[in-house]
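So this block is work-v3.cif, mmCIF, C-alpha atoms:
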data_start
loop_
_atom_site.label_atom_id
_atom_site.label_comp_id
_atom_site.auth_asym_id
_atom_site.auth_seq_id
_atom_site.Cartn_x
_atom_site.Cartn_y
_atom_site.Cartn_z
CA MET A 1 8.72 -1.70 -10.29
CA GLY A 2 6.06 -1.53 -7.59
CA TRP A 3 2.92 0.65 -7.57
CA ASP A 4 0.05 0.68 -5.09
CA THR A 5 -3.00 1.51 -7.24
CA ALA A 6 -5.66 0.54 -4.69
CA THR A 7 -7.69 3.69 -5.29
CA ASN A 8 -8.13 2.88 -8.97
CA ARG A 9 -11.09 0.81 -10.05
CA SER A 10 -9.71 -2.38 -11.59
CA LEU A 11 -11.72 -3.75 -14.47
CA VAL A 12 -12.29 -7.35 -15.44
CA GLY A 13 -12.13 -8.22 -19.12
CA ASP A 14 -13.58 -11.18 -20.93
CA PRO A 15 -13.57 -14.16 -18.52
CA GLU A 16 -12.03 -16.41 -21.16
CA LEU A 17 -9.13 -13.99 -21.50
CA ASP A 18 -8.65 -13.33 -17.80
CA ALA A 19 -8.67 -17.02 -16.98
CA LYS A 20 -5.49 -17.36 -19.03
CA GLY A 21 -3.85 -14.21 -17.74
CA CYS A 22 -3.70 -12.36 -21.06
CA VAL A 23 -5.45 -9.10 -20.23
CA LEU A 24 -5.14 -6.57 -17.41
CA THR A 25 -7.25 -3.41 -17.50
CA ALA A 26 -7.13 -0.40 -15.17
CA GLU A 27 -9.27 2.73 -15.13
CA PHE A 28 -7.90 6.23 -14.57
CA PRO A 29 -9.75 9.58 -14.55
CA ALA A 30 -8.99 10.39 -18.19
CA LEU A 31 -8.38 7.02 -19.80
CA ARG A 32 -8.36 3.26 -19.54
CA VAL A 33 -5.13 1.31 -19.90
CA VAL A 34 -5.22 -2.22 -21.27
CA CYS A 35 -2.14 -4.43 -20.98
CA VAL A 36 -2.43 -7.42 -23.28
CA TYR A 37 -0.30 -10.38 -24.23
CA VAL A 38 -1.17 -12.15 -27.46
CA PRO A 39 -0.17 -15.82 -27.09
CA ASN A 40 2.34 -17.27 -29.50
CA SER A 41 0.63 -20.16 -31.24
CA ARG A 42 3.74 -22.31 -30.96
CA ARG A 43 4.77 -21.45 -27.44
CA GLY A 44 1.39 -21.28 -25.76
CA LEU A 45 0.66 -19.14 -22.72
CA GLY A 46 3.78 -19.97 -20.76
CA GLN A 47 5.69 -16.92 -22.00
CA LEU A 48 3.82 -14.35 -19.91
CA SER A 49 1.66 -14.78 -16.85
CA PHE A 50 -0.53 -12.46 -14.83
CA ARG A 51 -1.48 -13.63 -11.38
CA GLN A 52 -3.17 -11.94 -8.51
CA ALA A 53 -4.19 -12.34 -4.90
CA TRP A 54 -7.24 -10.49 -3.63
CA ASP A 55 -9.28 -10.18 -0.45
CA GLU A 56 -12.32 -7.90 -0.71
CA ARG A 57 -12.77 -7.62 3.07
CA PHE A 58 -9.54 -5.67 3.52
CA ARG A 59 -9.16 -4.26 -0.02
CA SER A 60 -5.80 -6.02 -0.19
CA PHE A 61 -4.61 -6.93 -3.66
CA VAL A 62 -1.24 -7.69 -5.23
CA SER A 63 -0.49 -8.76 -8.79
CA GLN A 64 2.46 -9.65 -10.99
CA LEU A 65 2.91 -9.57 -14.74
CA ASP A 66 6.03 -11.39 -15.90
CA ARG A 67 7.47 -14.33 -17.79
CA SER A 68 7.98 -16.64 -14.84
CA LYS A 69 5.91 -19.53 -13.58
CA PRO A 70 3.70 -18.93 -10.53
CA VAL A 71 5.22 -19.86 -7.19
CA ALA A 72 3.13 -20.15 -4.04
CA SER A 73 4.08 -18.19 -0.95
CA ASP A 74 3.53 -19.15 2.67
CA PRO A 75 -0.19 -19.94 3.28
CA GLU A 76 -0.18 -17.81 6.42
CA LEU A 77 0.73 -14.79 4.32
CA ASP A 78 -1.88 -15.45 1.66
CA VAL A 79 -4.94 -15.33 3.91
CA GLU A 80 -5.67 -11.72 2.85
CA GLY A 81 -4.12 -11.77 -0.61
CA ARG A 82 -1.03 -9.80 0.37
CA VAL A 83 1.98 -11.67 -1.03
CA LEU A 84 3.03 -13.05 -4.41
CA MET A 85 6.44 -14.41 -5.31
CA ALA A 86 8.05 -14.99 -8.71
CA GLU A 87 11.08 -17.18 -9.31
CA PHE A 88 13.78 -16.23 -11.81
CA PRO A 89 17.18 -17.82 -12.49
CA ALA A 90 19.13 -15.04 -10.75
CA LEU A 91 16.66 -13.72 -8.16
CA ARG A 92 13.28 -13.96 -6.52
CA VAL A 93 10.75 -11.10 -6.61
CA VAL A 94 8.25 -10.74 -3.77
CA CYS A 95 5.31 -8.38 -4.26
CA VAL A 96 3.77 -7.42 -0.93
CA TYR A 97 1.07 -5.24 0.61
CA VAL A 98 1.81 -5.11 4.35
CA PRO A 99 -1.26 -4.87 6.62
CA ASN A 100 -2.14 -1.57 8.22
CA SER A 101 -1.62 -1.97 11.96
CA GLY A 102 -4.40 0.33 13.11
CA ARG A 103 -7.59 -0.40 11.15
CA GLY A 104 -10.12 -2.10 13.37
CA PRO A 105 -9.98 -4.23 16.53
CA GLY A 106 -7.24 -6.80 16.64
CA ARG A 107 -5.33 -5.47 13.65
CA LEU A 108 -2.21 -4.62 15.66
CA SER A 109 -1.89 -8.19 16.91
CA PHE A 110 -2.65 -9.50 13.42
CA TRP A 111 0.03 -7.25 11.93
CA GLN A 112 2.58 -8.42 14.51
CA ALA A 113 1.95 -12.09 13.77
CA TRP A 114 1.84 -11.48 10.01
CA ASP A 115 5.02 -9.42 10.05
CA GLU A 116 6.93 -12.09 11.95
CA CYS A 117 5.81 -14.70 9.44
CA PHE A 118 6.79 -12.47 6.52
CA HIS A 119 10.27 -11.85 7.91
CA SER A 120 10.79 -15.58 8.26
CA PHE A 121 9.49 -16.20 4.74
CA VAL A 122 11.77 -13.71 2.93
CA SER A 123 14.79 -14.61 5.07
CA GLN A 124 14.39 -18.23 4.04
CA LEU A 125 14.14 -17.22 0.38
CA ASP A 126 17.30 -15.12 0.71
CA ARG A 127 19.37 -18.11 1.77
CA SER A 128 19.67 -19.50 -1.76
CA LYS A 129 19.47 -16.44 -4.06
CA PRO A 130 18.95 -12.66 -3.84
CA VAL A 131 15.43 -11.35 -3.19
CA ALA A 132 13.72 -8.13 -4.29
CA ILE A 133 10.82 -7.11 -2.03
CA CYS A 134 8.57 -4.55 -3.73
CA GLY A 135 5.33 -2.95 -2.64
CA ASP A 136 3.45 -0.92 -0.06
CA LEU A 137 5.19 -1.81 3.21
CA ASN A 138 2.93 0.59 5.13
CA VAL A 139 5.70 2.10 7.25
CA ALA A 140 7.71 5.31 7.22
CA HIS A 141 11.03 4.08 8.59
CA GLN A 142 12.70 7.37 9.53
CA PRO A 143 11.44 10.85 10.47
CA LEU A 144 12.55 12.16 7.07
CA ASP A 145 10.20 9.60 5.43
CA LEU A 146 7.10 11.67 6.23
CA MET A 147 6.34 15.36 6.36
CA ASN A 148 5.03 15.65 9.92
CA SER A 149 6.94 13.13 12.02
CA SER A 150 6.40 14.89 15.36
CA GLY A 151 2.62 14.81 14.96
CA ASN A 152 2.41 11.17 13.87
CA LYS A 153 4.35 9.29 16.53
CA ARG A 154 1.33 7.08 17.34
CA SER A 155 -0.15 7.02 13.85
CA PRO A 156 -0.29 3.64 12.08
CA GLY A 157 2.70 3.45 9.80
CA PHE A 158 4.99 5.43 12.11
CA THR A 159 4.66 3.68 15.45
CA ARG A 160 7.77 2.58 17.30
CA GLU A 161 6.76 -1.07 16.87
CA GLU A 162 6.43 -0.82 13.09
CA ARG A 163 9.62 1.15 12.61
CA GLU A 164 11.62 -1.24 14.78
CA ALA A 165 10.20 -4.23 12.92
CA PHE A 166 11.21 -2.68 9.61
CA GLY A 167 14.69 -2.06 10.99
CA GLU A 168 14.88 -5.72 11.98
CA LEU A 169 14.01 -6.72 8.42
CA LEU A 170 16.85 -4.58 7.11
CA GLY A 171 19.12 -6.01 9.76
CA ALA A 172 18.30 -9.51 8.58
CA GLY A 173 20.12 -8.82 5.31
CA PHE A 174 18.06 -6.43 3.17
CA LEU A 175 18.81 -2.98 1.79
CA ASP A 176 16.41 -0.06 1.50
CA SER A 177 17.44 0.52 -2.10
CA PHE A 178 16.28 4.14 -2.26
CA ARG A 179 18.27 5.11 0.82
CA VAL A 180 21.38 3.40 -0.52
CA PHE A 181 21.54 6.14 -3.16
CA ASN A 182 19.71 8.90 -1.26
CA PRO A 183 20.64 8.42 2.41
CA SER A 184 19.48 11.82 3.66
CA LEU A 185 17.19 13.15 0.92
CA PRO A 186 14.09 14.74 2.53
CA ASN A 187 10.59 15.14 1.08
CA ALA A 188 10.91 11.99 -1.05
CA PHE A 189 7.45 10.50 -0.66
CA THR A 190 5.38 7.82 -2.39
CA PHE A 191 1.97 8.39 -0.77
CA TRP A 192 -0.22 11.48 -0.40
CA THR A 193 -3.75 11.62 0.96
CA TYR A 194 -6.35 13.02 -1.40
CA LEU A 195 -7.40 15.51 1.30
CA SER A 196 -6.40 19.20 1.31
CA GLY A 197 -4.32 19.05 -1.85
CA ALA A 198 -1.58 17.10 -0.08
CA ARG A 199 0.13 15.92 -3.25
CA ALA A 200 0.37 19.40 -4.75
CA ARG A 201 1.96 20.59 -1.48
CA ASN A 202 4.06 17.40 -1.22
CA VAL A 203 2.74 16.58 2.26
CA GLY A 204 3.25 12.84 2.16
CA TRP A 205 4.79 9.62 3.43
CA ARG A 206 7.32 7.19 1.99
CA LEU A 207 5.44 3.93 2.39
CA ASP A 208 6.49 2.08 -0.77
CA TYR A 209 9.84 0.33 -1.04
CA CYS A 210 12.01 -1.86 -3.18
CA LEU A 211 14.21 -3.80 -0.79
CA TRP A 212 17.11 -5.82 -2.10
CA SER A 213 19.29 -8.53 -0.61
CA GLN A 214 22.46 -7.15 0.90
CA ARG A 215 24.35 -10.10 -0.59
CA GLY A 216 23.60 -8.65 -4.05
CA ARG A 217 24.74 -5.08 -3.34
CA LYS A 218 27.16 -5.07 -6.27
CA ASP A 219 24.24 -5.71 -8.66
CA LEU A 220 22.19 -2.75 -7.42
CA CYS A 221 22.43 0.11 -9.94
CA ASP A 222 19.73 2.58 -8.95
CA SER A 223 16.41 3.06 -7.18
CA ARG A 224 13.88 5.74 -8.05
CA ILE A 225 10.57 7.18 -6.95
CA GLU A 226 8.49 8.00 -10.02
CA LYS A 227 6.51 10.81 -8.39
CA ARG A 228 5.28 12.28 -11.67
CA ALA A 229 3.13 9.21 -12.35
CA GLN A 230 -0.52 10.00 -11.62
CA GLY A 231 -3.54 7.75 -11.15
CA SER A 232 -3.33 6.76 -7.48
CA ASP A 233 -2.63 8.23 -4.07
CA HIS A 234 0.64 6.29 -4.33
CA CYS A 235 3.31 6.61 -7.03
CA PRO A 236 5.51 3.85 -8.51
CA MET A 237 8.80 2.84 -6.92
CA GLY A 238 11.47 1.18 -9.07
CA ILE A 239 14.70 -0.73 -8.61
CA TYR A 240 17.39 -1.17 -11.26
CA LEU A 241 19.60 -4.26 -11.20
CA ALA A 242 22.45 -5.61 -13.35
CA LEU A 243 22.04 -9.38 -13.19
CA GLU A 244 23.09 -12.13 -15.54
CA GLY A 245 20.29 -14.53 -16.35
CA ALA A 246 17.63 -12.45 -14.57
CA GLY A 247 14.93 -13.28 -17.11
#

Structure re-expressed in structure tokens:
Amino acid sequence: MGWDTATNRSLVGDPELDAKGCVLTAEFPALRVVCVYVPNSRRGLGQLSFRQAWDERFRSFVSQLDRSKPVASDPELDVEGRVLMAEFPALRVVCVYVPNSGRGPGRLSFWQAWDECFHSFVSQLDRSKPVAICGDLNVAHQPLDLMNSSGNKRSPGFTREEREAFGELLGAGFLDSFRVFNPSLPNAFTFWTYLSGARARNVGWRLDYCLWSQRGRKDLCDSRIEKRAQGSDHCPMGIYLALEGAG
């Protein structure tokens, strides 16, 4: 499951707890949600880990909460806190927040270099076991992935360069899991601006994805957009897999 919650104000709990990855707190308009893991006194803290990468300059942040041990990604990808990878017996899970190509001078060239590095990184991971890539990929791949495609041809997230690069990633051996099951479904979005009541009118973009290795197609059961989930200008995106030894 991937969910871009960048517009929520993340809270930091007790430093002694956060240092061990036991507590994650998020604030929403009507409530606060606290996710907590109470360590088993015999097994220690190795049963569940929370890890995060964060860069305040670009408001880029990704996190994972799971039972695996932390695995470092490519240093070139980590310079803005955009990639985390978890290793499991049957698969690898990569959480990613792809840079926006149009925010500030030099961001297009940065995105191009970063994207090339990311493609190389996940392709190398895919050589030995299937990979799930989940997160805000900051691109609407096809015209049906945003409401107003004709008016956004040069908008960041729908430029020819970004769409072609995304197509190259799929061509390198990854499936857009949602489109596997919904190849021509329109108006299926994961992001809506807060302006002009866009979400209520469903004027949005599909920017969030769960990609899956083509080599594991038989293990892919479903992929869903959880558009009813509130609390961010994005909604969660989930992938369902049938794997032996996944945990």

Practice task
Between A:Gly238, A:Phe158, A:Asn138, A:Ala90, single out the one closest to A:Asp219, counting all atoms listed in the file.
Solution key: A:Ala90

Practice task
To verify the selection step, state as a list of chain:residue names which residues the PyMOL selection byres ((chain A and resi 241) around 12) yields on this input.
Solution key: A:Met1, A:Ala90, A:Leu91, A:Pro130, A:Val131, A:Ala132, A:Ser177, A:Cys210, A:Leu211, A:Trp212, A:Ser213, A:Gly216, A:Arg217, A:Lys218, A:Asp219, A:Leu220, A:Cys221, A:Asp222, A:Ser223, A:Arg224, A:Gly238, A:Ile239, A:Tyr240, A:Ala242, A:Leu243, A:Glu244, A:Gly245, A:Ala246, A:Gly247

Exercise for the section: Figure out the distance between atom CA of A:Ser232 and atom CA of A:Tyr209, please, to one decimal in Å. Expected result: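 Separating atom CA of A:Tyr209 from atom CA of A:Ser232 is a distance of 16.0 Å.
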
Problem - Nearest to A:Asp176 by atom-to-atom distance, counting all atoms listed in the file, from A:Ala113, A:Glu161, A:Asp208, A:Arg201 - result: A:Asp208

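Each of A:Arg206, A:Arg228, A:Arg199, A:His141 was compared to A:Arg163 using all atoms listed in the file, and A:His141 turns out to be the nearest.
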
Using only C-alpha atoms, find all polymer residues with an atom at most 8 Å away from the point (-4.1, 13.5, 2.8); report them as a short mmCIF file (atom, residue, chain, number, x, y, z; two decimals) with C-alpha atoms, in the frame of the given file.
data_model
loop_
_atom_site.label_atom_id
_atom_site.label_comp_id
_atom_site.auth_asym_id
_atom_site.auth_seq_id
_atom_site.Cartn_x
_atom_site.Cartn_y
_atom_site.Cartn_z
CA TRP A 192 -0.22 11.48 -0.40
CA THR A 193 -3.75 11.62 0.96
CA TYR A 194 -6.35 13.02 -1.40
CA LEU A 195 -7.40 15.51 1.30
CA SER A 196 -6.40 19.20 1.31
CA GLY A 197 -4.32 19.05 -1.85
CA ALA A 198 -1.58 17.10 -0.08
CA ARG A 199 0.13 15.92 -3.25
CA VAL A 203 2.74 16.58 2.26
CA GLY A 204 3.25 12.84 2.16
#

Spatial sel., origin (1.9, -9.2, 6.0), limit 7 Å, all atoms listed in the file, listed as a compact mmCIF listing (two decimals) with C-alpha atoms, in the coordinates of the input:
# COMPACT_ATOMS: atom_id res chain seq x y z
CA LEU A 77 0.73 -14.79 4.32
CA ARG A 82 -1.03 -9.80 0.37
CA TYR A 97 1.07 -5.24 0.61
CA VAL A 98 1.81 -5.11 4.35
CA PRO A 99 -1.26 -4.87 6.62
CA TRP A 111 0.03 -7.25 11.93
CA TRP A 114 1.84 -11.48 10.01
CA ASP A 115 5.02 -9.42 10.05
CA PHE A 118 6.79 -12.47 6.52

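Reported to one decimal place, the separation of atom CA of A:Gly173 from atom CA of A:Gln214 is 5.3 Å.
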
Practice task
Enter the distance from atom CA of A:Asn202 to atom CA of A:Leu144, in Å, rounded to one decimal.
Solution key: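 Those two atoms sit 13.0 Å apart.
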
Handout entry: Spatial neighbours of A:His119, 12 Å, only C-alpha atoms, chain gap at least 3 places, as a list in words
Key = Asp74, Leu77, Val94, Val96, Val98, Trp111, Gln112, Ala113, Trp114, Asp115, Glu116, Val122, Ser123, Gln124, Leu125, Asp126, Ile133, Ala165, Phe166, Gly167, Glu168, Leu169, Leu170, Gly171, Ala172, Gly173 and Phe174 of chain A
